[in-house]
>>> print(open('final-v2.cif').read())   # mmCIF, C-alpha atoms
data_target
loop_
_atom_site.group_PDB
_atom_site.id
_atom_site.type_symbol
_atom_site.label_atom_id
_atom_site.label_comp_id
_atom_site.auth_asym_id
_atom_site.auth_seq_id
_atom_site.Cartn_x
_atom_site.Cartn_y
_atom_site.Cartn_z
ATOM 1 C CA MET A 19 -5.881 10.217 17.553
ATOM 2 C CA SER A 20 -2.098 10.214 17.591
ATOM 3 C CA TYR A 21 0.904 12.368 16.714
ATOM 4 C CA LEU A 22 3.566 10.655 14.604
ATOM 5 C CA ALA A 23 6.805 12.007 13.177
ATOM 6 C CA GLY A 24 9.660 10.975 10.927
ATOM 7 C CA ALA A 25 13.021 12.595 10.259
ATOM 8 C CA ARG A 26 15.798 12.631 7.671
ATOM 9 C CA PRO A 27 19.070 13.311 9.530
ATOM 10 C CA ASP A 28 20.859 13.163 6.160
ATOM 11 C CA ILE A 29 19.001 16.305 5.013
ATOM 12 C CA THR A 30 19.528 19.458 7.091
ATOM 13 C CA THR A 31 18.521 23.086 6.718
ATOM 14 C CA GLU A 32 18.814 26.141 8.956
ATOM 15 C CA ASN A 33 15.822 24.646 10.793
ATOM 16 C CA GLY A 34 17.664 21.404 11.606
ATOM 17 C CA SER A 35 16.929 17.914 10.254
ATOM 18 C CA TYR A 36 14.191 17.696 7.636
ATOM 19 C CA ILE A 37 11.190 16.264 9.495
ATOM 20 C CA LYS A 38 7.578 15.375 8.854
ATOM 21 C CA SER A 39 4.864 15.689 11.516
ATOM 22 C CA ASN A 40 1.572 13.787 11.274
ATOM 23 C CA VAL A 41 -1.719 14.093 13.120
ATOM 24 C CA ASP A 42 -3.452 10.773 12.565
ATOM 25 C CA VAL A 43 -7.071 9.865 13.371
ATOM 26 C CA ARG A 44 -8.356 6.292 12.953
ATOM 27 C CA LEU A 45 -11.650 4.490 13.485
ATOM 28 C CA TYR A 46 -11.845 0.705 13.210
ATOM 29 C CA ASP A 47 -14.196 -2.230 13.650
ATOM 30 C CA VAL A 48 -17.413 -0.343 12.917
ATOM 31 C CA LYS A 49 -20.284 -2.616 11.992
ATOM 32 C CA GLY A 50 -21.351 -2.007 8.402
ATOM 33 C CA PRO A 51 -23.171 -3.657 5.500
ATOM 34 C CA GLY A 52 -21.871 -7.204 5.168
ATOM 35 C CA GLY A 53 -18.873 -6.745 7.433
ATOM 36 C CA ARG A 54 -16.712 -4.284 9.345
ATOM 37 C CA LEU A 55 -15.645 -0.788 8.306
ATOM 38 C CA GLY A 56 -12.584 1.246 9.133
ATOM 39 C CA ALA A 57 -11.537 4.775 8.211
ATOM 40 C CA TRP A 58 -8.565 7.053 8.844
ATOM 41 C CA PHE A 59 -7.442 10.611 8.182
ATOM 42 C CA ASP A 60 -3.939 12.062 8.341
ATOM 43 C CA PHE A 61 -2.654 15.631 8.161
ATOM 44 C CA ALA A 62 1.087 15.977 7.559
ATOM 45 C CA THR A 63 3.448 18.924 7.390
ATOM 46 C CA SER A 64 7.153 19.158 6.546
ATOM 47 C CA LYS A 65 9.040 22.357 7.351
ATOM 48 C CA GLY A 66 11.366 23.349 4.545
ATOM 49 C CA GLY A 67 14.452 25.537 4.439
ATOM 50 C CA THR A 68 17.775 25.904 2.662
ATOM 51 C CA THR A 69 20.415 23.182 2.804
ATOM 52 C CA PRO A 70 24.137 23.970 3.261
ATOM 53 C CA ALA A 71 24.529 23.269 -0.484
ATOM 54 C CA GLY A 72 21.987 26.009 -1.258
ATOM 55 C CA LEU A 73 19.059 23.751 -2.198
ATOM 56 C CA VAL A 74 15.742 25.348 -1.273
ATOM 57 C CA ILE A 75 13.243 22.838 0.121
ATOM 58 C CA PRO A 76 9.656 24.151 0.213
ATOM 59 C CA THR A 77 7.469 23.730 3.272
ATOM 60 C CA SER A 78 4.758 21.211 2.414
ATOM 61 C CA ASN A 79 1.408 20.305 3.914
ATOM 62 C CA GLY A 80 -0.783 17.439 2.831
ATOM 63 C CA TYR A 81 -3.648 15.195 3.794
ATOM 64 C CA ALA A 82 -4.503 11.557 3.279
ATOM 65 C CA PHE A 83 -7.538 9.428 4.013
ATOM 66 C CA GLY A 84 -8.598 5.846 3.564
ATOM 67 C CA VAL A 85 -11.508 3.467 4.059
ATOM 68 C CA ARG A 86 -11.497 -0.312 4.458
ATOM 69 C CA HIS A 87 -14.220 -2.946 4.378
ATOM 70 C CA GLN A 88 -13.645 -6.421 5.816
ATOM 71 C CA ARG A 89 -15.708 -9.578 5.755
ATOM 72 C CA LEU A 90 -14.288 -11.983 8.304
ATOM 73 C CA GLU A 91 -15.078 -15.689 8.377
ATOM 74 C CA TRP A 92 -15.987 -15.622 4.668
ATOM 75 C CA HIS A 93 -15.955 -19.037 2.889
ATOM 76 C CA GLY A 94 -13.357 -20.296 5.329
ATOM 77 C CA GLY A 95 -11.279 -17.127 4.956
ATOM 78 C CA TYR A 96 -11.863 -13.391 4.649
ATOM 79 C CA HIS A 97 -12.314 -10.540 2.170
ATOM 80 C CA THR A 98 -10.744 -7.062 2.456
ATOM 81 C CA PHE A 99 -11.193 -4.025 0.193
ATOM 82 C CA GLY A 100 -9.450 -0.696 0.757
ATOM 83 C CA ILE A 101 -9.006 2.656 -0.943
ATOM 84 C CA GLN A 102 -6.558 5.425 0.017
ATOM 85 C CA TYR A 103 -5.785 8.874 -1.363
ATOM 86 C CA GLY A 104 -3.074 11.291 -0.300
ATOM 87 C CA THR A 105 -1.520 14.631 -1.281
ATOM 88 C CA GLY A 106 1.656 16.544 -0.532
ATOM 89 C CA ALA A 107 3.594 15.510 2.566
ATOM 90 C CA ALA A 108 0.985 12.819 3.322
ATOM 91 C CA SER A 109 0.993 11.245 -0.141
ATOM 92 C CA ASN A 110 3.151 8.243 0.849
ATOM 93 C CA PHE A 111 0.690 7.130 3.606
ATOM 94 C CA SER A 112 3.598 6.848 6.035
ATOM 95 C CA THR A 113 5.669 8.689 8.635
ATOM 96 C CA SER A 114 8.733 8.098 6.443
ATOM 97 C CA VAL A 115 10.089 11.183 4.694
ATOM 98 C CA ASP A 116 10.519 11.058 0.916
ATOM 99 C CA ASP A 117 13.323 12.862 -0.880
ATOM 100 C CA PRO A 118 12.127 16.479 -1.087
ATOM 101 C CA THR A 119 11.623 18.190 -4.436
ATOM 102 C CA GLN A 120 10.355 21.610 -5.423
ATOM 103 C CA PHE A 121 7.097 19.931 -6.502
ATOM 104 C CA ILE A 122 6.389 18.048 -3.258
ATOM 105 C CA ARG A 123 3.327 20.175 -2.465
ATOM 106 C CA SER A 124 1.609 18.860 -5.597
ATOM 107 C CA THR A 125 2.359 15.143 -5.233
ATOM 108 C CA LYS A 126 -0.653 12.818 -5.214
ATOM 109 C CA ARG A 127 -1.307 9.103 -4.765
ATOM 110 C CA LEU A 128 -4.371 6.861 -5.176
ATOM 111 C CA LEU A 129 -4.158 3.259 -3.967
ATOM 112 C CA ILE A 130 -6.883 0.606 -4.292
ATOM 113 C CA THR A 131 -6.374 -2.897 -2.909
ATOM 114 C CA GLU A 132 -8.536 -5.974 -2.752
ATOM 115 C CA HIS A 133 -7.514 -9.359 -1.443
ATOM 116 C CA LEU A 134 -9.312 -12.369 -0.126
ATOM 117 C CA LEU A 135 -8.675 -15.833 1.202
ATOM 118 C CA LEU A 136 -10.874 -18.780 0.281
ATOM 119 C CA GLN A 137 -10.398 -22.071 2.114
ATOM 120 C CA PRO A 138 -13.318 -24.419 1.431
ATOM 121 C CA ASN A 139 -11.618 -27.348 3.218
ATOM 122 C CA ASP A 140 -8.407 -28.352 5.001
ATOM 123 C CA LYS A 141 -6.781 -29.554 1.749
ATOM 124 C CA PHE A 142 -6.974 -26.435 -0.425
ATOM 125 C CA ALA A 143 -6.825 -22.636 -0.098
ATOM 126 C CA ILE A 144 -6.420 -19.783 -2.563
ATOM 127 C CA MET A 145 -5.645 -16.093 -2.055
ATOM 128 C CA PRO A 146 -6.364 -13.763 -5.013
ATOM 129 C CA ILE A 147 -5.145 -10.137 -4.823
ATOM 130 C CA PHE A 148 -5.602 -6.964 -6.875
ATOM 131 C CA ILE A 149 -3.688 -3.669 -6.528
ATOM 132 C CA TYR A 150 -4.092 -0.455 -8.509
ATOM 133 C CA GLN A 151 -1.995 2.641 -7.889
ATOM 134 C CA ARG A 152 -1.756 6.045 -9.545
ATOM 135 C CA THR A 153 0.982 8.476 -8.493
ATOM 136 C CA ARG A 154 1.963 11.956 -9.544
ATOM 137 C CA ASP A 155 5.321 13.513 -8.642
ATOM 138 C CA GLY A 156 3.907 17.047 -8.732
ATOM 139 C CA ASN A 157 5.884 18.225 -11.743
ATOM 140 C CA PRO A 158 3.343 20.007 -13.995
ATOM 141 C CA ALA A 159 5.139 18.606 -17.053
ATOM 142 C CA HIS A 160 4.446 15.030 -15.868
ATOM 143 C CA GLY A 161 1.178 13.146 -15.749
ATOM 144 C CA TRP A 162 0.095 10.145 -13.691
ATOM 145 C CA ASP A 163 2.238 7.039 -13.360
ATOM 146 C CA GLN A 164 0.158 3.861 -13.069
ATOM 147 C CA TRP A 165 0.709 0.377 -11.689
ATOM 148 C CA ALA A 166 -1.764 -2.514 -11.709
ATOM 149 C CA SER A 167 -1.073 -5.929 -10.237
ATOM 150 C CA PHE A 168 -3.259 -9.003 -9.976
ATOM 151 C CA GLY A 169 -2.659 -12.638 -9.249
ATOM 152 C CA ALA A 170 -3.478 -15.565 -7.004
ATOM 153 C CA ARG A 171 -1.739 -17.969 -4.636
ATOM 154 C CA PRO A 172 -3.314 -21.436 -4.436
ATOM 155 C CA GLU A 173 -2.019 -23.856 -1.795
ATOM 156 C CA VAL A 174 -2.484 -27.609 -1.566
ATOM 157 C CA PHE A 175 -2.081 -29.176 1.887
ATOM 158 C CA PHE A 176 -0.870 -32.781 1.786
ATOM 159 C CA THR A 177 -0.520 -33.224 5.532
ATOM 160 C CA LYS A 178 -0.652 -31.049 8.623
ATOM 161 C CA TYR A 179 3.004 -30.145 8.064
ATOM 162 C CA LEU A 180 3.561 -30.379 4.284
ATOM 163 C CA SER A 181 2.040 -28.231 1.522
ATOM 164 C CA LEU A 182 2.726 -26.849 -1.929
ATOM 165 C CA ALA A 183 2.101 -23.234 -2.921
ATOM 166 C CA PHE A 184 1.875 -21.720 -6.387
ATOM 167 C CA GLU A 185 1.786 -18.032 -7.215
ATOM 168 C CA GLY A 186 1.000 -16.557 -10.587
ATOM 169 C CA GLY A 187 0.187 -13.033 -11.624
ATOM 170 C CA PHE A 188 0.556 -10.075 -13.942
ATOM 171 C CA ASP A 189 1.796 -6.530 -13.361
ATOM 172 C CA HIS A 190 1.383 -3.606 -15.725
ATOM 173 C CA THR A 191 3.217 -0.314 -15.325
ATOM 174 C CA HIS A 192 2.915 2.922 -17.257
ATOM 175 C CA SER A 193 5.122 5.996 -16.910
ATOM 176 C CA SER A 194 3.728 9.366 -17.918
ATOM 177 C CA THR A 195 7.228 10.409 -19.061
ATOM 178 C CA GLY A 196 7.651 7.377 -21.324
ATOM 179 C CA GLN A 197 10.396 5.733 -19.225
ATOM 180 C CA TYR A 198 8.553 2.434 -19.088
ATOM 181 C CA ASP A 199 5.311 0.878 -20.262
ATOM 182 C CA GLY A 200 4.647 -2.826 -20.262
ATOM 183 C CA TRP A 201 3.743 -6.107 -18.621
ATOM 184 C CA LEU A 202 5.518 -8.340 -16.147
ATOM 185 C CA ARG A 203 4.388 -11.950 -15.862
ATOM 186 C CA LYS A 204 5.441 -14.061 -12.893
ATOM 187 C CA PHE A 205 5.027 -17.587 -11.628
ATOM 188 C CA THR A 206 6.439 -19.215 -8.499
ATOM 189 C CA ILE A 207 6.199 -22.693 -7.022
ATOM 190 C CA ALA A 208 7.214 -23.322 -3.421
ATOM 191 C CA PRO A 209 7.175 -26.519 -1.382
ATOM 192 C CA GLN A 210 6.423 -25.695 2.259
ATOM 193 C CA SER A 211 7.035 -27.573 5.486
ATOM 194 C CA SER A 212 6.263 -26.650 9.052
ATOM 195 C CA ARG A 213 6.441 -28.336 12.415
ATOM 196 C CA ALA A 214 4.442 -28.002 15.574
ATOM 197 C CA GLN A 215 6.155 -26.408 18.521
ATOM 198 C CA VAL A 216 5.520 -27.904 21.928
ATOM 199 C CA LEU A 217 5.553 -25.333 24.719
#
>>> encode(input="final-v2.cif", output="structure tokens")
Amino acid sequence: MSYLAGARPDITTENGSYIKSNVDVRLYDVKGPGGRLGAWFDFATSKGGTTPAGLVIPTSNGYAFGVRHQRLEWHGGYHTFGIQYGTGAASNFSTSVDDPTQFIRSTKRLLITEHLLLQPNDKFAIMPIFIYQRTRDGNPAHGWDQWASFGARPEVFFTKYLSLAFEGGFDHTHSSTGQYDGWLRKFTIAPQSSRAQVL
């Protein structure tokens, strides 16, 4: 268990700088079916007030939780799956303080991630990844914004110090307010070199 806090010195009210306090509880490396489990819970609160410009910032509470499953030493690599959900002041899964709005109490976020590394031999490795996120800014006139991303990074190792990496993937975003809706396709190729360091 730990206490964590973040502050925004650029935003002040009669209560001082706008801050967020977090009580964070985490449990890791628990033996579970086919691997290791981890879980965490966070309660966050941000004390509001009125800025010198007259903007009223509401006091906001929120909670967030997440679970993670890991399979280590899996086909020469590993496999990790995680899911997180947060509300209000805790909806960004961080001690950082977002710009406050009058709807901050109703903000929500769902984040699902899955990535793995496969390395069947010392000449080839590939890392696929999948991310899905739904966010809501709390405004009752707005719905859920969505982002999905998936892709893979294969690497070919020519020598101990020289390799070539490729990365290809697709992103799809959807705005509940109609600001954007569409696909992004990406591809990257990167020669890589490294050298051993003698200590």
>>> closest_residue(input="final-v2.cif", among="A:Gly53, A:Asp60, A:Ser109, A:Ser114", to="Gln88 in chain A", atoms="only C-alpha atoms")
A:Gly53
>>> residues_around(input="final-v2.cif", residues="Ser35 in chain A", least_positions_apart="6", cutoff="8 Å", atoms="only C-alpha atoms", output="list in words")
Ala25, Arg26, Pro27, Asp28 and Ile29 of chain A
>>> resolve_selection(input="final-v2.cif", expression="the PyMOL selection byres ((chain A and resi 101-108) around 7)", output="PDB file with C-alpha atoms, in the coordinates of the input")
ATOM      1  CA  PHE A  61      -2.654  15.631   8.161  1.00  0.00           C
ATOM      2  CA  ALA A  62       1.087  15.977   7.559  1.00  0.00           C
ATOM      3  CA  THR A  63       3.448  18.924   7.390  1.00  0.00           C
ATOM      4  CA  SER A  64       7.153  19.158   6.546  1.00  0.00           C
ATOM      5  CA  SER A  78       4.758  21.211   2.414  1.00  0.00           C
ATOM      6  CA  ASN A  79       1.408  20.305   3.914  1.00  0.00           C
ATOM      7  CA  GLY A  80      -0.783  17.439   2.831  1.00  0.00           C
ATOM      8  CA  TYR A  81      -3.648  15.195   3.794  1.00  0.00           C
ATOM      9  CA  ALA A  82      -4.503  11.557   3.279  1.00  0.00           C
ATOM     10  CA  PHE A  83      -7.538   9.428   4.013  1.00  0.00           C
ATOM     11  CA  GLY A  84      -8.598   5.846   3.564  1.00  0.00           C
ATOM     12  CA  VAL A  85     -11.508   3.467   4.059  1.00  0.00           C
ATOM     13  CA  ARG A  86     -11.497  -0.312   4.458  1.00  0.00           C
ATOM     14  CA  GLY A 100      -9.450  -0.696   0.757  1.00  0.00           C
ATOM     15  CA  SER A 109       0.993  11.245  -0.141  1.00  0.00           C
ATOM     16  CA  ASN A 110       3.151   8.243   0.849  1.00  0.00           C
ATOM     17  CA  PHE A 111       0.690   7.130   3.606  1.00  0.00           C
ATOM     18  CA  ILE A 122       6.389  18.048  -3.258  1.00  0.00           C
ATOM     19  CA  ARG A 123       3.327  20.175  -2.465  1.00  0.00           C
ATOM     20  CA  SER A 124       1.609  18.860  -5.597  1.00  0.00           C
ATOM     21  CA  THR A 125       2.359  15.143  -5.233  1.00  0.00           C
ATOM     22  CA  LYS A 126      -0.653  12.818  -5.214  1.00  0.00           C
ATOM     23  CA  ARG A 127      -1.307   9.103  -4.765  1.00  0.00           C
ATOM     24  CA  LEU A 128      -4.371   6.861  -5.176  1.00  0.00           C
ATOM     25  CA  LEU A 129      -4.158   3.259  -3.967  1.00  0.00           C
ATOM     26  CA  ILE A 130      -6.883   0.606  -4.292  1.00  0.00           C
ATOM     27  CA  THR A 131      -6.374  -2.897  -2.909  1.00  0.00           C
TER      28      THR A 131
END
>>> residues_around(input="final-v2.cif", residues="Leu136 in chain A", least_positions_apart="2", cutoff="10 Å", atoms="all atoms listed in the file", output="ChimeraX atom specification")
/A:91-97,134,138-139,142-146,172
>>> write_last_selection(input="final-v2.cif", atoms="C-alpha atoms", output="PDB file, in the frame of the given file")
ATOM      1  CA  GLU A  91     -15.078 -15.689   8.377  1.00  0.00           C
ATOM      2  CA  TRP A  92     -15.987 -15.622   4.668  1.00  0.00           C
ATOM      3  CA  HIS A  93     -15.955 -19.037   2.889  1.00  0.00           C
ATOM      4  CA  GLY A  94     -13.357 -20.296   5.329  1.00  0.00           C
ATOM      5  CA  GLY A  95     -11.279 -17.127   4.956  1.00  0.00           C
ATOM      6  CA  TYR A  96     -11.863 -13.391   4.649  1.00  0.00           C
ATOM      7  CA  HIS A  97     -12.314 -10.540   2.170  1.00  0.00           C
ATOM      8  CA  LEU A 134      -9.312 -12.369  -0.126  1.00  0.00           C
ATOM      9  CA  PRO A 138     -13.318 -24.419   1.431  1.00  0.00           C
ATOM     10  CA  ASN A 139     -11.618 -27.348   3.218  1.00  0.00           C
ATOM     11  CA  PHE A 142      -6.974 -26.435  -0.425  1.00  0.00           C
ATOM     12  CA  ALA A 143      -6.825 -22.636  -0.098  1.00  0.00           C
ATOM     13  CA  ILE A 144      -6.420 -19.783  -2.563  1.00  0.00           C
ATOM     14  CA  MET A 145      -5.645 -16.093  -2.055  1.00  0.00           C
ATOM     15  CA  PRO A 146      -6.364 -13.763  -5.013  1.00  0.00           C
ATOM     16  CA  PRO A 172      -3.314 -21.436  -4.436  1.00  0.00           C
TER      17      PRO A 172
END
>>> residues_around(input="final-v2.cif", residues="Lys204 in chain A", least_positions_apart="6", cutoff="12 Å", atoms="all atoms listed in the file", output="PyMOL selection string")
chain A and resi 167-171+184-190
>>> atom_distance(input="final-v2.cif", atom1="CA of Trp162 in chain A", atom2="CA of Ser194 in chain A")
5.6 Å
>>> atom_distance(input="final-v2.cif", atom1="CA of Ala71 in chain A", atom2="CA of Ile37 in chain A")
18.1 Å
>>> closest_residue(input="final-v2.cif", among="A:Ser20, A:Ser211, A:Ser39, A:Thr68", to="Tyr179 in chain A", atoms="only C-alpha atoms")
A:Ser211
>>> atom_distance(input="final-v2.cif", atom1="CA of Gln197 in chain A", atom2="CA of Val74 in chain A")
27.1 Å
>>> closest_residue(input="final-v2.cif", among="A:Thr153, A:Gln210, A:Thr69, A:Thr191", to="Glu173 in chain A", atoms="all atoms listed in the file")
A:Gln210
>>> closest_residue(input="final-v2.cif", among="A:Gln137, A:Phe121, A:Trp58, A:Ala183", to="Arg154 in chain A", atoms="only C-alpha atoms")
A:Phe121
>>> closest_residue(input="final-v2.cif", among="A:Pro209, A:Gly52, A:Gly161, A:Gly200", to="Phe175 in chain A", atoms="only C-alpha atoms")
A:Pro209
>>> resolve_selection(input="final-v2.cif", expression="the PyMOL selection byres ((chain A and resi 164) around 7)", output="ChimeraX atom specification")
/A:151-153,162-163,165-166,191-193
>>> closest_residue(input="final-v2.cif", among="A:Phe99, A:His87, A:Thr77, A:Thr195", to="Pro51 in chain A", atoms="only C-alpha atoms")
A:His87
>>> residues_around(input="final-v2.cif", residues="Lys178 in chain A", least_positions_apart="3", cutoff="10 Å", atoms="only C-alpha atoms", output="list in words")
Asp140, Lys141, Phe175, Ser181, Ser211, Ser212, Arg213 and Ala214 of chain A
>>> write_last_selection(input="final-v2.cif", atoms="C-alpha atoms", output="PDB file, keeping the file's coordinate frame")
ATOM      1  CA  ASP A 140      -8.407 -28.352   5.001  1.00  0.00           C
ATOM      2  CA  LYS A 141      -6.781 -29.554   1.749  1.00  0.00           C
ATOM      3  CA  PHE A 175      -2.081 -29.176   1.887  1.00  0.00           C
ATOM      4  CA  SER A 181       2.040 -28.231   1.522  1.00  0.00           C
ATOM      5  CA  SER A 211       7.035 -27.573   5.486  1.00  0.00           C
ATOM      6  CA  SER A 212       6.263 -26.650   9.052  1.00  0.00           C
ATOM      7  CA  ARG A 213       6.441 -28.336  12.415  1.00  0.00           C
ATOM      8  CA  ALA A 214       4.442 -28.002  15.574  1.00  0.00           C
TER       9      ALA A 214
END
>>> residues_near_point(input="final-v2.cif", point="(11.7, 18.1, -8.9)", cutoff="10 Å", atoms="only C-alpha atoms", output="list in words")
Asp117, Pro118, Thr119, Gln120, Phe121, Ile122, Asp155, Gly156, Asn157 and Pro158 of chain A
>>> axis_aligned_box(input="final-v2.cif", around="range 97-102 of chain A", padding_each_side="5 Å", output="JSON")
{"center_x": -9.4, "center_y": -2.6, "center_z": 0.8, "size_x": 15.8, "size_y": 26.0, "size_z": 13.4}
